[in-house]
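To be precise, the following lines are final-v8.txt, and they hold compact mmCIF, C-alpha atoms and all ligand atoms.
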```
# COMPACT_ATOMS: atom_id res chain seq x y z
CA MET E 1104 10.04 30.73 17.51
CA ALA E 1105 8.21 28.03 19.53
CA ALA E 1106 7.33 24.95 17.51
CA LYS E 1107 3.71 24.29 16.58
CA HIS E 1108 2.24 20.83 16.91
CA PHE E 1109 0.44 18.66 14.40
CA TYR E 1110 -1.46 15.42 14.60
CA LEU E 1111 -1.67 13.26 11.47
CA GLN E 1112 -3.97 10.30 10.96
CA THR E 1113 -3.46 8.11 7.89
CA PHE E 1114 -5.94 5.73 6.29
CA GLY E 1115 -5.40 3.38 3.36
CA CYS E 1116 -2.56 1.90 1.40
CA GLN E 1117 1.24 2.19 1.41
CA MET E 1118 1.01 5.09 -1.06
CA ASN E 1119 -0.87 7.06 1.57
CA VAL E 1120 1.70 6.07 4.20
CA TYR E 1121 4.43 7.37 1.88
CA ASP E 1122 2.53 10.62 1.21
CA SER E 1123 2.02 11.06 4.96
CA GLN E 1124 5.76 10.70 5.52
CA ARG E 1125 6.27 13.41 2.89
CA ILE E 1126 3.77 15.62 4.72
CA VAL E 1127 5.61 15.07 8.02
CA GLN E 1128 8.84 16.10 6.31
CA LEU E 1129 7.29 19.26 4.85
CA LEU E 1130 5.79 20.28 8.19
CA THR E 1131 8.89 19.48 10.22
CA ALA E 1132 10.84 21.81 7.93
CA ARG E 1133 8.28 24.51 8.90
CA ASN E 1134 8.97 24.09 12.64
CA TYR E 1135 5.96 21.85 13.26
CA GLN E 1136 6.38 18.87 15.60
CA GLN E 1137 4.33 15.70 15.21
CA ILE E 1138 2.41 14.64 18.32
CA ALA E 1139 0.32 11.59 19.20
CA ASP E 1140 -2.53 13.40 20.96
CA PRO E 1141 -4.84 15.54 18.78
CA ALA E 1142 -6.05 17.42 21.89
CA HIS E 1143 -2.76 19.39 21.96
CA ALA E 1144 -2.43 20.02 18.23
CA ASP E 1145 -2.42 23.35 16.37
CA LEU E 1146 -3.06 21.44 13.15
CA ILE E 1147 -4.90 18.17 12.53
CA LEU E 1148 -4.53 16.39 9.21
CA VAL E 1149 -6.39 13.34 7.98
CA ASN E 1150 -4.87 11.60 4.97
CA THR E 1151 -7.75 9.64 3.51
CA CYS E 1152 -8.61 6.60 1.40
CA SER E 1153 -11.70 6.11 -0.74
CA VAL E 1154 -10.95 2.80 -2.38
CA ARG E 1155 -13.75 1.15 -0.40
CA GLU E 1156 -16.76 2.37 1.52
CA LYS E 1157 -15.47 1.29 4.95
CA PRO E 1158 -12.38 3.54 5.20
CA GLU E 1159 -14.51 6.43 3.97
CA LYS E 1160 -16.92 5.96 6.89
CA LYS E 1161 -13.97 5.81 9.26
CA VAL E 1162 -12.78 9.20 8.00
CA TYR E 1163 -16.14 10.81 8.77
CA SER E 1164 -16.15 9.33 12.24
CA ALA E 1165 -12.55 10.52 12.85
CA LEU E 1166 -13.54 14.02 11.74
CA GLY E 1167 -16.56 13.88 14.04
CA ARG E 1168 -14.22 13.30 16.99
CA PHE E 1169 -12.22 16.43 16.10
CA ARG E 1170 -15.28 18.72 16.07
CA SER E 1171 -15.24 19.27 19.86
CA LEU E 1172 -11.51 20.16 19.73
CA LYS E 1173 -12.26 22.87 17.18
CA GLU E 1174 -15.12 24.17 19.33
CA LYS E 1175 -12.74 24.47 22.29
CA ASN E 1176 -9.95 25.96 20.21
CA PRO E 1177 -11.14 27.93 17.14
CA ALA E 1178 -7.50 28.60 16.14
CA LEU E 1179 -7.04 24.87 15.50
CA MET E 1180 -6.69 24.12 11.78
CA ILE E 1181 -8.12 20.90 10.35
CA GLY E 1182 -7.32 19.65 6.86
CA VAL E 1183 -8.10 16.57 4.79
CA THR E 1184 -5.76 15.19 2.12
CA GLY E 1185 -5.65 12.05 -0.04
CA CYS E 1186 -8.10 10.12 -2.19
CA MET E 1187 -11.31 11.06 -0.41
CA ALA E 1188 -10.29 14.72 -0.46
CA GLN E 1189 -9.75 14.34 -4.21
CA GLN E 1190 -13.10 12.64 -4.69
CA GLU E 1191 -15.21 14.98 -2.57
CA GLY E 1192 -13.43 18.35 -2.85
CA GLU E 1193 -15.78 21.25 -2.09
CA ARG E 1194 -18.52 18.82 -1.01
CA LEU E 1195 -16.35 17.83 1.95
CA LEU E 1196 -16.11 21.48 3.03
CA GLU E 1197 -19.90 21.72 2.82
CA ARG E 1198 -20.50 18.48 4.68
CA VAL E 1199 -17.93 19.17 7.44
CA PRO E 1200 -18.37 22.87 8.29
CA PHE E 1201 -15.42 23.01 10.72
CA LEU E 1202 -12.91 21.82 8.08
CA ASP E 1203 -10.36 24.43 6.96
CA PHE E 1204 -8.92 22.84 3.85
CA VAL E 1205 -9.17 19.92 1.46
CA LEU E 1206 -6.13 19.04 -0.68
CA GLY E 1207 -6.29 16.38 -3.38
CA THR E 1208 -3.73 13.73 -4.26
CA LYS E 1209 -1.58 16.06 -6.33
CA GLU E 1210 -1.97 19.09 -4.08
CA PHE E 1211 -0.80 17.87 -0.67
CA CYS E 1212 2.63 19.41 -1.23
CA ARG E 1213 0.92 22.82 -0.98
CA ILE E 1214 0.28 22.40 2.76
CA PRO E 1215 3.11 24.79 3.85
CA GLU E 1216 1.86 27.45 1.44
CA ILE E 1217 -1.75 27.08 2.70
CA LEU E 1218 -0.63 27.28 6.33
CA ASP E 1219 1.42 30.40 5.67
CA ALA E 1220 -1.53 32.08 3.96
CA MET E 1221 -3.93 31.09 6.74
CA GLU E 1222 -1.70 32.64 9.34
CA VAL E 1223 -2.27 35.99 7.62
CA SER E 1224 -6.03 35.54 7.20
CA ARG E 1225 -8.27 32.55 7.71
CA PHE E 1226 -10.13 31.16 4.71
CA ARG E 1227 -11.42 27.80 3.55
CA GLU E 1228 -9.70 26.11 0.64
CA SER E 1229 -10.37 23.15 -1.62
CA ALA E 1230 -7.68 22.29 -4.20
CA THR E 1231 -8.17 19.13 -6.22
CA ASP E 1232 -6.58 19.73 -9.61
CA LEU E 1233 -5.48 16.34 -11.00
CA ARG E 1234 -2.84 17.90 -13.22
CA VAL E 1235 -2.34 15.35 -16.04
CA GLY E 1236 1.22 14.09 -16.32
CA VAL E 1237 2.41 16.02 -13.28
CA ASP E 1238 4.66 14.22 -10.81
CA PRO E 1239 3.40 15.45 -7.40
CA TYR E 1240 6.81 14.85 -5.80
CA ALA E 1241 8.77 16.95 -8.30
CA GLY E 1242 10.68 19.72 -6.55
CA LEU E 1243 10.17 18.32 -3.04
CA PRO E 1244 13.24 17.86 -0.84
CA LEU E 1245 14.82 14.38 -0.88
CA PHE E 1246 12.70 12.01 1.16
CA SER E 1247 14.14 11.16 4.55
CA SER E 1248 13.31 8.25 6.84
CA PRO E 1249 15.61 8.53 9.85
CA GLY E 1250 16.05 5.51 12.12
CA LYS E 1251 14.20 3.16 9.78
CA ALA E 1252 15.48 -0.10 8.27
CA ALA E 1253 12.85 -0.22 5.53
CA ALA E 1254 11.25 2.55 3.49
CA PHE E 1255 8.65 3.02 0.77
CA VAL E 1256 9.63 4.88 -2.39
CA SER E 1257 6.92 6.03 -4.77
CA ILE E 1258 7.94 5.46 -8.39
CA MET E 1259 4.68 6.28 -10.13
CA GLN E 1260 1.18 7.52 -9.45
CA GLY E 1261 -2.22 6.96 -10.96
CA CYS E 1262 -3.54 4.26 -13.23
CA ASP E 1263 -4.83 3.93 -16.79
CA ASN E 1264 -6.44 0.52 -16.40
CA PHE E 1265 -9.95 1.51 -15.34
CA CYS E 1266 -10.91 -1.77 -13.70
CA SER E 1267 -14.67 -1.47 -13.52
CA TYR E 1268 -14.85 -1.43 -9.69
CA CYS E 1269 -11.91 0.88 -9.01
CA ILE E 1270 -11.88 4.56 -8.14
CA VAL E 1271 -8.09 4.99 -8.38
CA PRO E 1272 -7.94 6.43 -11.94
CA TYR E 1273 -10.45 9.09 -10.82
CA VAL E 1274 -8.72 10.07 -7.59
CA ARG E 1275 -5.04 9.50 -8.40
CA GLY E 1276 -5.33 10.43 -12.06
CA ARG E 1277 -3.68 8.94 -15.11
CA GLU E 1278 -0.40 7.07 -14.81
CA VAL E 1279 2.66 9.24 -14.33
CA SER E 1280 6.13 7.83 -13.66
CA ARG E 1281 8.69 9.73 -11.61
CA PRO E 1282 12.01 10.33 -13.36
CA SER E 1283 14.41 7.46 -12.59
CA ARG E 1284 17.06 10.02 -11.60
CA ASP E 1285 14.83 11.31 -8.76
CA ILE E 1286 13.98 7.80 -7.61
CA LEU E 1287 17.60 6.64 -7.57
CA ASP E 1288 18.77 9.83 -5.79
CA GLU E 1289 16.07 9.24 -3.19
CA ILE E 1290 17.14 5.62 -2.64
CA ARG E 1291 20.83 6.58 -2.40
CA SER E 1292 19.93 9.17 0.21
CA LEU E 1293 17.81 6.63 2.14
CA SER E 1294 20.72 4.19 2.03
CA ASP E 1295 23.01 6.89 3.47
CA GLN E 1296 20.50 7.27 6.34
CA GLY E 1297 20.73 3.53 7.12
CA VAL E 1298 17.75 2.16 5.19
CA ARG E 1299 18.48 -1.42 4.02
CA GLU E 1300 15.21 -2.31 2.31
CA VAL E 1301 13.16 -0.32 -0.19
CA THR E 1302 9.68 -1.07 -1.49
CA LEU E 1303 9.00 0.58 -4.84
CA LEU E 1304 5.42 1.78 -4.87
CA GLY E 1305 2.88 2.46 -7.57
CA GLN E 1306 -0.65 1.47 -8.49
CA ASN E 1307 0.79 -0.59 -11.35
CA VAL E 1308 4.58 -0.67 -11.06
CA ASN E 1309 4.97 -3.04 -14.02
CA SER E 1310 4.07 -0.30 -16.43
CA TYR E 1311 6.67 2.10 -14.99
CA GLY E 1312 8.00 4.35 -17.76
CA ASN E 1313 5.51 3.15 -20.38
CA ARG E 1314 3.56 6.36 -20.67
CA SER E 1315 6.21 8.98 -20.15
CA SER E 1316 9.42 10.22 -21.63
CA GLU E 1317 11.22 8.12 -18.99
CA GLU E 1318 14.03 6.35 -20.76
CA ILE E 1319 14.03 3.15 -18.73
CA GLY E 1320 11.41 0.53 -17.89
CA PHE E 1321 10.65 -1.22 -14.61
CA VAL E 1322 13.18 -4.04 -14.91
CA GLU E 1323 15.97 -1.56 -15.73
CA LEU E 1324 14.91 0.47 -12.70
CA LEU E 1325 15.21 -2.64 -10.51
CA GLU E 1326 18.66 -3.33 -12.00
CA ALA E 1327 19.74 0.22 -11.16
CA VAL E 1328 18.48 -0.10 -7.55
CA GLN E 1329 20.32 -3.42 -7.26
CA LYS E 1330 23.58 -1.50 -7.80
CA ILE E 1331 23.04 0.97 -4.93
CA PRO E 1332 25.48 0.19 -2.07
CA GLY E 1333 23.90 -0.30 1.35
CA ILE E 1334 20.53 -1.42 -0.02
CA ALA E 1335 20.23 -5.13 0.75
CA ARG E 1336 16.64 -5.82 -0.23
CA ILE E 1337 14.24 -4.62 -2.92
CA ARG E 1338 10.49 -5.17 -3.01
CA PHE E 1339 7.72 -3.69 -5.13
CA THR E 1340 3.95 -3.38 -5.09
CA THR E 1341 1.46 -3.50 -6.77
CA SER E 1342 1.66 -5.49 -9.97
CA HIS E 1343 -1.15 -5.95 -12.46
CA PRO E 1344 -1.13 -9.58 -13.71
CA LYS E 1345 -1.59 -8.51 -17.34
CA ASP E 1346 1.51 -6.30 -17.16
CA LEU E 1347 3.70 -8.80 -15.31
CA SER E 1348 6.22 -9.41 -18.07
CA TRP E 1349 8.24 -12.58 -18.58
CA ARG E 1350 11.32 -10.41 -18.25
CA LEU E 1351 10.23 -9.22 -14.81
CA ILE E 1352 9.52 -12.80 -13.77
CA GLN E 1353 13.06 -13.76 -14.82
CA ALA E 1354 14.41 -10.89 -12.69
CA PHE E 1355 13.41 -12.88 -9.58
CA GLY E 1356 16.04 -15.41 -10.55
CA GLN E 1357 18.65 -12.83 -11.52
CA LEU E 1358 18.64 -9.93 -9.07
CA SER E 1359 20.06 -11.06 -5.73
CA LYS E 1360 18.52 -8.15 -3.80
CA LEU E 1361 15.01 -8.68 -5.18
CA CYS E 1362 13.11 -10.41 -2.37
CA GLU E 1363 11.15 -13.59 -3.00
CA HIS E 1364 7.69 -12.09 -2.68
CA ILE E 1365 5.13 -10.76 -5.13
CA HIS E 1366 1.70 -9.30 -4.49
CA LEU E 1367 -0.37 -10.13 -7.55
CA PRO E 1368 -4.05 -9.21 -7.23
CA LEU E 1369 -6.25 -11.96 -8.69
CA GLN E 1370 -9.63 -10.39 -7.69
CA SER E 1371 -11.74 -13.33 -8.91
CA GLY E 1372 -11.29 -16.96 -9.97
CA SER E 1373 -14.06 -16.70 -12.58
CA ASP E 1374 -13.18 -15.62 -16.14
CA ARG E 1375 -16.69 -14.24 -16.59
CA ILE E 1376 -16.29 -11.96 -13.56
CA LEU E 1377 -12.72 -10.98 -14.50
CA LYS E 1378 -14.11 -9.81 -17.85
CA ARG E 1379 -16.81 -7.73 -16.17
CA MET E 1380 -14.10 -6.32 -13.88
CA ASN E 1381 -12.16 -5.29 -17.01
CA ARG E 1382 -9.05 -7.04 -15.69
CA ALA E 1383 -7.75 -8.09 -19.14
CA TYR E 1384 -6.41 -11.55 -18.16
CA THR E 1385 -7.91 -14.99 -17.72
CA CYS E 1386 -7.47 -17.41 -14.84
CA SER E 1387 -5.31 -19.68 -16.97
CA GLU E 1388 -3.02 -16.77 -17.95
CA TYR E 1389 -2.74 -15.87 -14.28
CA ARG E 1390 -1.87 -19.45 -13.32
CA GLU E 1391 0.71 -19.66 -16.10
CA LYS E 1392 2.51 -16.64 -14.64
CA ILE E 1393 2.36 -18.13 -11.14
CA SER E 1394 3.91 -21.38 -12.45
CA GLU E 1395 6.71 -19.48 -14.13
CA LEU E 1396 7.36 -17.39 -10.98
CA ARG E 1397 7.60 -20.60 -8.95
CA ARG E 1398 9.88 -22.20 -11.54
CA VAL E 1399 12.25 -19.22 -11.53
CA SER E 1400 12.10 -18.65 -7.77
CA PRO E 1401 10.91 -21.81 -5.95
CA GLU E 1402 10.64 -20.16 -2.51
CA ILE E 1403 8.66 -17.17 -3.76
CA SER E 1404 5.76 -16.14 -1.58
CA ILE E 1405 2.66 -15.09 -3.48
CA THR E 1406 -0.03 -12.89 -1.97
CA THR E 1407 -3.15 -11.51 -3.58
CA ASP E 1408 -6.35 -9.45 -3.31
CA ILE E 1409 -9.79 -10.95 -3.84
CA ILE E 1410 -13.15 -9.21 -4.08
CA VAL E 1411 -16.26 -11.23 -3.26
CA GLY E 1412 -19.77 -10.34 -4.31
CA PHE E 1413 -18.88 -8.36 -7.42
CA PRO E 1414 -22.13 -7.52 -9.28
CA GLY E 1415 -23.38 -10.60 -11.10
CA GLU E 1416 -21.16 -13.03 -9.16
CA ASP E 1417 -23.22 -16.23 -8.81
CA GLU E 1418 -22.51 -19.33 -6.77
CA ALA E 1419 -20.59 -20.98 -9.64
CA ASP E 1420 -18.32 -17.92 -9.98
CA PHE E 1421 -17.66 -17.95 -6.27
CA GLN E 1422 -16.91 -21.70 -6.31
CA ALA E 1423 -14.42 -21.01 -9.13
CA THR E 1424 -12.68 -18.47 -6.86
CA LEU E 1425 -12.50 -21.04 -4.03
CA GLU E 1426 -11.05 -23.59 -6.48
CA MET E 1427 -8.44 -21.12 -7.70
CA VAL E 1428 -7.42 -20.30 -4.11
CA LYS E 1429 -7.11 -24.03 -3.34
CA LYS E 1430 -5.04 -24.70 -6.45
CA ILE E 1431 -2.67 -21.75 -6.18
CA GLU E 1432 -2.28 -21.83 -2.40
CA PHE E 1433 -1.47 -18.19 -1.79
CA ASP E 1434 0.77 -17.47 1.16
CA GLU E 1435 -1.66 -14.78 2.34
CA PHE E 1436 -4.40 -12.63 0.88
CA PHE E 1437 -6.46 -9.52 1.44
CA SER E 1438 -10.13 -10.14 0.77
CA PHE E 1439 -12.98 -7.67 0.63
CA ARG E 1440 -16.70 -7.43 0.05
CA TYR E 1441 -17.46 -5.47 -3.11
CA SER E 1442 -18.80 -1.96 -2.52
CA ASP E 1443 -19.94 0.60 -5.11
CA ARG E 1444 -17.49 3.45 -5.69
CA PRO E 1445 -18.51 6.74 -7.30
CA HIS E 1446 -17.75 7.20 -11.03
CA THR E 1447 -17.03 3.50 -11.60
CA GLN E 1448 -18.67 1.38 -14.28
CA ALA E 1449 -19.52 -1.41 -11.83
CA SER E 1450 -21.50 0.96 -9.63
CA LEU E 1451 -23.99 1.14 -12.54
CA PHE E 1452 -24.29 -2.65 -12.91
CA PRO E 1453 -27.82 -3.65 -11.90
CA ASP E 1454 -27.20 -7.20 -10.62
CA LYS E 1455 -25.85 -6.43 -7.14
CA VAL E 1456 -25.19 -9.31 -4.76
CA PRO E 1457 -27.06 -9.10 -1.41
CA GLU E 1458 -24.87 -8.07 1.57
CA GLU E 1459 -25.70 -11.25 3.45
CA THR E 1460 -24.48 -13.41 0.55
CA LYS E 1461 -21.28 -11.35 0.32
CA ARG E 1462 -20.69 -11.77 4.05
CA GLY E 1463 -21.18 -15.55 3.87
CA ARG E 1464 -18.84 -15.87 0.87
CA LEU E 1465 -16.16 -13.75 2.48
CA ASN E 1466 -16.33 -15.84 5.60
CA GLU E 1467 -15.98 -19.09 3.63
CA LEU E 1468 -13.07 -17.76 1.61
CA GLN E 1469 -11.23 -16.44 4.65
CA THR E 1470 -11.67 -19.73 6.53
CA LEU E 1471 -10.14 -21.58 3.58
CA GLN E 1472 -7.18 -19.20 3.32
CA LYS E 1473 -6.55 -19.23 7.07
CA ASP E 1474 -5.75 -22.97 6.90
CA ILE E 1475 -3.57 -22.52 3.81
CA THR E 1476 -1.61 -19.65 5.40
CA LEU E 1477 -0.96 -21.59 8.60
CA ARG E 1478 0.05 -24.71 6.66
CA LYS E 1479 2.45 -22.64 4.54
CA ASN E 1480 3.87 -20.90 7.62
CA LYS E 1481 4.45 -24.32 9.21
CA THR E 1482 6.74 -25.33 6.34
CA TRP E 1483 9.21 -22.76 7.73
CA GLU E 1484 9.50 -24.40 11.15
CA GLY E 1485 13.05 -25.59 11.82
CA ARG E 1486 14.46 -23.66 8.88
CA GLU E 1487 17.07 -20.93 8.92
CA VAL E 1488 16.00 -17.55 7.50
CA GLU E 1489 17.49 -14.12 6.97
CA VAL E 1490 15.59 -11.39 8.82
CA LEU E 1491 16.01 -7.62 8.69
CA VAL E 1492 15.66 -6.16 12.20
CA GLU E 1493 12.98 -3.46 11.90
CA GLY E 1494 12.17 -2.56 15.51
CA GLN E 1495 10.60 -3.66 18.74
CA SER E 1496 7.96 -6.38 18.72
CA LYS E 1497 4.47 -4.99 19.42
CA ALA E 1498 3.45 -7.98 21.51
CA ARG E 1499 6.58 -8.23 23.72
CA VAL E 1500 8.67 -5.11 24.23
CA GLU E 1501 11.80 -7.11 25.09
CA GLU E 1502 11.69 -8.73 21.65
CA LYS E 1503 12.55 -7.56 18.17
CA THR E 1504 10.54 -7.84 14.99
CA GLY E 1505 11.50 -8.08 11.35
CA ARG E 1506 10.59 -9.78 8.09
CA THR E 1507 11.98 -12.64 6.05
CA ARG E 1508 12.77 -12.13 2.39
CA THR E 1509 9.42 -13.81 1.70
CA ASN E 1510 7.73 -11.03 3.70
CA ARG E 1511 6.77 -13.06 6.77
CA THR E 1512 6.88 -11.22 10.08
CA VAL E 1513 9.18 -12.85 12.64
CA ASN E 1514 9.37 -11.97 16.34
CA PHE E 1515 12.48 -13.01 18.22
CA PRO E 1516 14.59 -12.34 21.32
CA GLY E 1517 17.51 -10.04 20.55
CA ALA E 1518 17.74 -7.08 22.92
CA SER E 1519 21.21 -6.09 21.70
CA LEU E 1520 20.35 -6.12 18.00
CA ARG E 1521 20.20 -2.82 16.17
CA VAL E 1522 17.53 -1.72 13.68
CA GLY E 1523 18.91 -2.35 10.19
CA GLU E 1524 20.92 -5.48 11.03
CA LEU E 1525 20.46 -8.59 8.92
CA VAL E 1526 20.40 -11.67 11.13
CA LYS E 1527 20.08 -15.41 10.69
CA LEU E 1528 17.26 -16.95 12.71
CA ARG E 1529 15.96 -20.45 13.18
CA ILE E 1530 12.16 -20.57 12.99
CA GLU E 1531 10.85 -22.19 16.17
CA GLU E 1532 7.13 -21.79 15.73
CA ALA E 1533 4.65 -20.86 13.01
CA LEU E 1534 1.57 -18.87 14.03
CA PRO E 1535 -1.40 -17.85 11.86
CA HIS E 1536 0.04 -14.42 10.98
CA SER E 1537 3.68 -14.52 12.02
CA LEU E 1538 6.64 -16.71 12.94
CA ARG E 1539 8.69 -16.98 16.13
CA GLY E 1540 12.43 -17.27 15.68
CA ASP E 1541 15.60 -17.67 17.64
CA LEU E 1542 18.98 -16.19 16.89
CA GLU E 1543 21.43 -18.48 15.08
CA GLU E 1544 24.30 -16.26 14.07
CA MET E 1545 24.79 -12.58 13.32
CA GLY E 1546 24.58 -11.54 9.68
CA LYS E 1547 26.54 -8.73 8.20
S1 LIG E 1601 -5.06 -1.68 -11.94
FE1 LIG E 1601 -7.27 -1.61 -11.69
S2 LIG E 1601 -7.53 -2.00 -9.47
FE2 LIG E 1601 -5.40 -1.40 -9.74
S3 LIG E 1601 -5.38 0.82 -9.41
FE3 LIG E 1601 -5.61 0.49 -11.62
S4 LIG E 1601 -7.83 0.57 -11.98
FE4 LIG E 1601 -7.51 0.24 -9.77
```
In structure tokens, write the structure found in this file.
Amino acid sequence: MAAKHFYLQTFGCQMNVYDSQRIVQLLTARNYQQIADPAHADLILVNTCSVREKPEKKVYSALGRFRSLKEKNPALMIGVTGCMAQQEGERLLERVPFLDFVLGTKEFCRIPEILDAMEVSRFRESATDLRVGVDPYAGLPLFSSPGKAAAFVSIMQGCDNFCSYCIVPYVRGREVSRPSRDILDEIRSLSDQGVREVTLLGQNVNSYGNRSSEEIGFVELLEAVQKIPGIARIRFTTSHPKDLSWRLIQAFGQLSKLCEHIHLPLQSGSDRILKRMNRAYTCSEYREKISELRRVSPEISITTDIIVGFPGEDEADFQATLEMVKKIEFDEFFSFRYSDRPHTQASLFPDKVPEETKRGRLNELQTLQKDITLRKNKTWEGREVEVLVEGQSKARVEEKTGRTRTNRTVNFPGASLRVGELVKLRIEEALPHSLRGDLEEMGK
């Protein structure tokens, strides 16, 4: 039977990237081939994000572009998955009349079943059951990532923290950890396929196993991954500062494969705002954990997320955030303007910050961090680093790209190097968002 073609567009975080890879695997097993041009697709899928307002708008504009394709080819099927699908459900079918199906965050694995049914008779479907305690990956075939040096592995889904600005608990549901057996089998299989680096994913990986019958916790899971032959590097994201245990901090000094990088969202440098955000830590507790991380692992790179213009944030709160950023000197950060999200507590707060003020604050914060990032990158000039070869450089096709253990992107000449090799490079030049390196000697 001739293969059908699908086009998949992914918005949002690494969890969505992972889910999209799962979708590709499910469709490939059904004789669908992924293509890069939606104009030739039999099926178009948009895996969506609703964590902020901006990606949500992008989804609507992407869908708008697909309308004319559907008009030309009524047999074309168009589906939406992910967080926005979960949030909007039926409403999305009403708002976008040419959509065929909407599958929520725990329903995407039903795509093959929906496609089979639609081949018999066309109907419109919205499935958004957030089945409590259900692992959406249970029963799926082992995840494969052919030809890749690095792979994401989801270890848990959902969140119980209910930060006042965050939609995740409403669209990904309550925390559910995958069984460690499934995770370790998946990583062994990835290692057999040539993957050398795994990033363990979850909305709050530190609480892995806490709310399930899972017999091991996050540090034990890291210890078990450390023992898997072929895996050379382990990373994880995201950590909630309140759940970053002293034991996990010590692991950075004990587990040789655990890379020297942690993403630890601060969100604000004002205790008053952190309280309104329901973050359950103070700035001094956060700084204490940073000090301990740097004591245990002096080279560790620390990145963060910051929201500016949270409701009620005044100039003094914002100055406190700038001070915190100056004191901690993050290696890099992701910063955003606050936007109201449906269902959240903060969306009901009356004291919203004007957009113009938010824009000005974001600009000031980003200018400050830009200097810090470049200064920190410069400290690597002339040093020797280990880099995992991950593929071709985007900027120069004759060059390779990879990352250091501290998660800095390095571009370097190395036409004969294979994806998955670990190499030693000397850093020649630090740029604002990457490093340039030169080959020193081949690693193993
Ligand atoms: S910890 Fe807070 S910000 Fe992170 S996913 Fe959970 S509710 Fe959202």
Just want the 6 Å neighbourhood of stretch 1407-1423 of chain E, counted on all atoms listed in the file, with same-chain residues fewer than 2 positions away dropped. Output as a VMD selection string. chain E and resid 1366 to 1373 1425 to 1426 1436 to 1441 1454 to 1456 1461
Please identify all polymer residues within 10 Å of E:Thr1482, counting all atoms listed in the file, omitting same-chain residues fewer than 4 positions from it, and present them as a count of residues only. 5
What does the structure give for the distance between atom CA of E:Asn1313 and atom CA of E:Tyr1273, in Å to one decimal?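 Atom CA of E:Asn1313 sits 19.5 Å away from atom CA of E:Tyr1273.
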Neighbourhood of ligand LIG 1601 (chain E) at 6 Å, counting only C-alpha atoms and all ligand atoms, reported as an mmCIF file with C-alpha atoms, in the frame of the given file:
```cif
data_model
loop_
_atom_site.group_PDB
_atom_site.id
_atom_site.type_symbol
_atom_site.label_atom_id
_atom_site.label_comp_id
_atom_site.auth_asym_id
_atom_site.auth_seq_id
_atom_site.Cartn_x
_atom_site.Cartn_y
_atom_site.Cartn_z
ATOM 1 C CA CYS E 1262 -3.540 4.260 -13.230
ATOM 2 C CA ASN E 1264 -6.440 0.520 -16.400
ATOM 3 C CA PHE E 1265 -9.950 1.510 -15.340
ATOM 4 C CA CYS E 1266 -10.910 -1.770 -13.700
ATOM 5 C CA CYS E 1269 -11.910 0.880 -9.010
ATOM 6 C CA VAL E 1271 -8.090 4.990 -8.380
ATOM 7 C CA PRO E 1272 -7.940 6.430 -11.940
ATOM 8 C CA GLN E 1306 -0.650 1.470 -8.490
ATOM 9 C CA ASN E 1307 0.790 -0.590 -11.350
ATOM 10 C CA HIS E 1343 -1.150 -5.950 -12.460
#
```
Would you mind listing what lies within 9 Å of stretch 1515-1519 of chain E as a list in words, with all atoms listed in the file counted and same-chain residues fewer than 3 positions away left out?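 Once the adjacent positions are removed, what remains is Gln1495, Ser1496, Glu1501, Glu1502, Lys1503, Thr1504, Gly1505, Leu1528, Leu1538, Arg1539, Gly1540, Asp1541 and Leu1542 of chain E.
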If we count all atoms listed in the file, what is near E:Gln1117 at a cut-off of 10 Å, once residues fewer than 5 positions away on the same chain are taken out, given as a list in words? Asp1122, Ser1123, Phe1255, Val1256, Ser1257, Thr1302, Leu1304, Gly1305, Thr1340 and Thr1341 of chain E
Using all atoms listed in the file for the distances, tell me which of E:Lys1430, E:Arg1299, E:Lys1497, E:Lys1157 is nearest to E:Ile1475. E:Lys1430
Could you tell me which of E:Lys1251, E:Arg1168, E:Arg1194, E:Lys1161 comes closest to E:Ile1147 if we count only C-alpha atoms?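 Between E:Lys1251, E:Arg1168, E:Arg1194, E:Lys1161, the residue approaching E:Ile1147 most closely is E:Arg1168.
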Residues within 8 Å of E:Gly1523, please, as a PyMOL selection string. Count only C-alpha atoms; anything in the same chain fewer than 4 positions from it doesn't count. chain E and resi 1251-1253+1297-1299+1491-1493
Select, from E:Glu1524, E:Glu1159, E:Glu1323, E:Glu1191, the residue with the minimum atom-to-atom distance to E:Phe1114, counting all atoms listed in the file.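 Of all the options, E:Glu1159 lies closest to E:Phe1114.
Going from atom CA of E:Arg1225 to atom CA of E:Val1149 covers 19.3 Å.
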